Amino acid sequence: DDTLSISGVNALSEYSMLNRERNGSYAVSKEEFRRLQFRTDKEYGETRIEIWRYNPCFFSKNGIVDKLSLFLAMKDMDDERIQIELETMINNMIW
């Protein structure tokens, strides 16, 4: 499906040594989110839906958000493990 792209820690796990999380995490554009009319529950949901300003599928590869977008989405997280893997990922990118 070209509507959702894997994001968050699960996407980072595809580009690094981190393990996947049990719960899913996906990115979708605002327009697609509205069109699909997802039913959400902020307190009890098991899947994280990130609503992006642009369609993450434009840059995704194999259903996973691109490295630069992932870096920008996660750069302010407090988890030191995530920061180390983000830094490694971005430093190893070919520009």
# chains A, B, ... in the order shown; residues from 1 in each chain; ligands from 1
$ residues_around --residues "Asn10 (chain A)" --least-positions-apart "2" --cutoff "8 Å" --atoms "only C-alpha atoms" --output "PyMOL selection string"
chain A and resi 6-8+12-14+19-21+24-25
$ select_by_dssp --residues "chain A" --states "helix (DSSP H, G or I)" --output "count of residues only"
38
$ closest_atom_pairs --of "region 11-65 of chain A" --to "region 78-95 of chain A" --cutoff "8 Å" --atoms "only C-alpha atoms" --output "CSV"
residue,atom,partner,partner_atom,distance
A:Leu12,CA,A:Leu86,CA,7.6
A:Tyr15,CA,A:Met89,CA,6.8
A:Ser16,CA,A:Glu85,CA,6.1
A:Met17,CA,A:Glu85,CA,7.3
A:Leu18,CA,A:Glu85,CA,7.5
$ atom_distance --atom1 "CA of Val65 (chain A)" --atom2 "CA of Ala27 (chain A)"
7.6 Å
$ closest_atom_pairs --of "region 52-88 of chain A" --to "region 29-47 of chain A" --cutoff "6 Å" --atoms "only C-alpha atoms" --output "Markdown table"
| residue | atom | partner | partner_atom | distance |
| --- | --- | --- | --- | --- |
| A:Trp52 | CA | A:Ser29 | CA | 4.8 |
| A:Arg53 | CA | A:Ser29 | CA | 5.8 |
| A:Tyr54 | CA | A:Ser29 | CA | 5.3 |
| A:Asn55 | CA | A:Ser29 | CA | 4.6 |
$ atom_distance --atom1 "CA of Arg48 (chain A)" --atom2 "CA of Tyr26 (chain A)"
6.2 Å
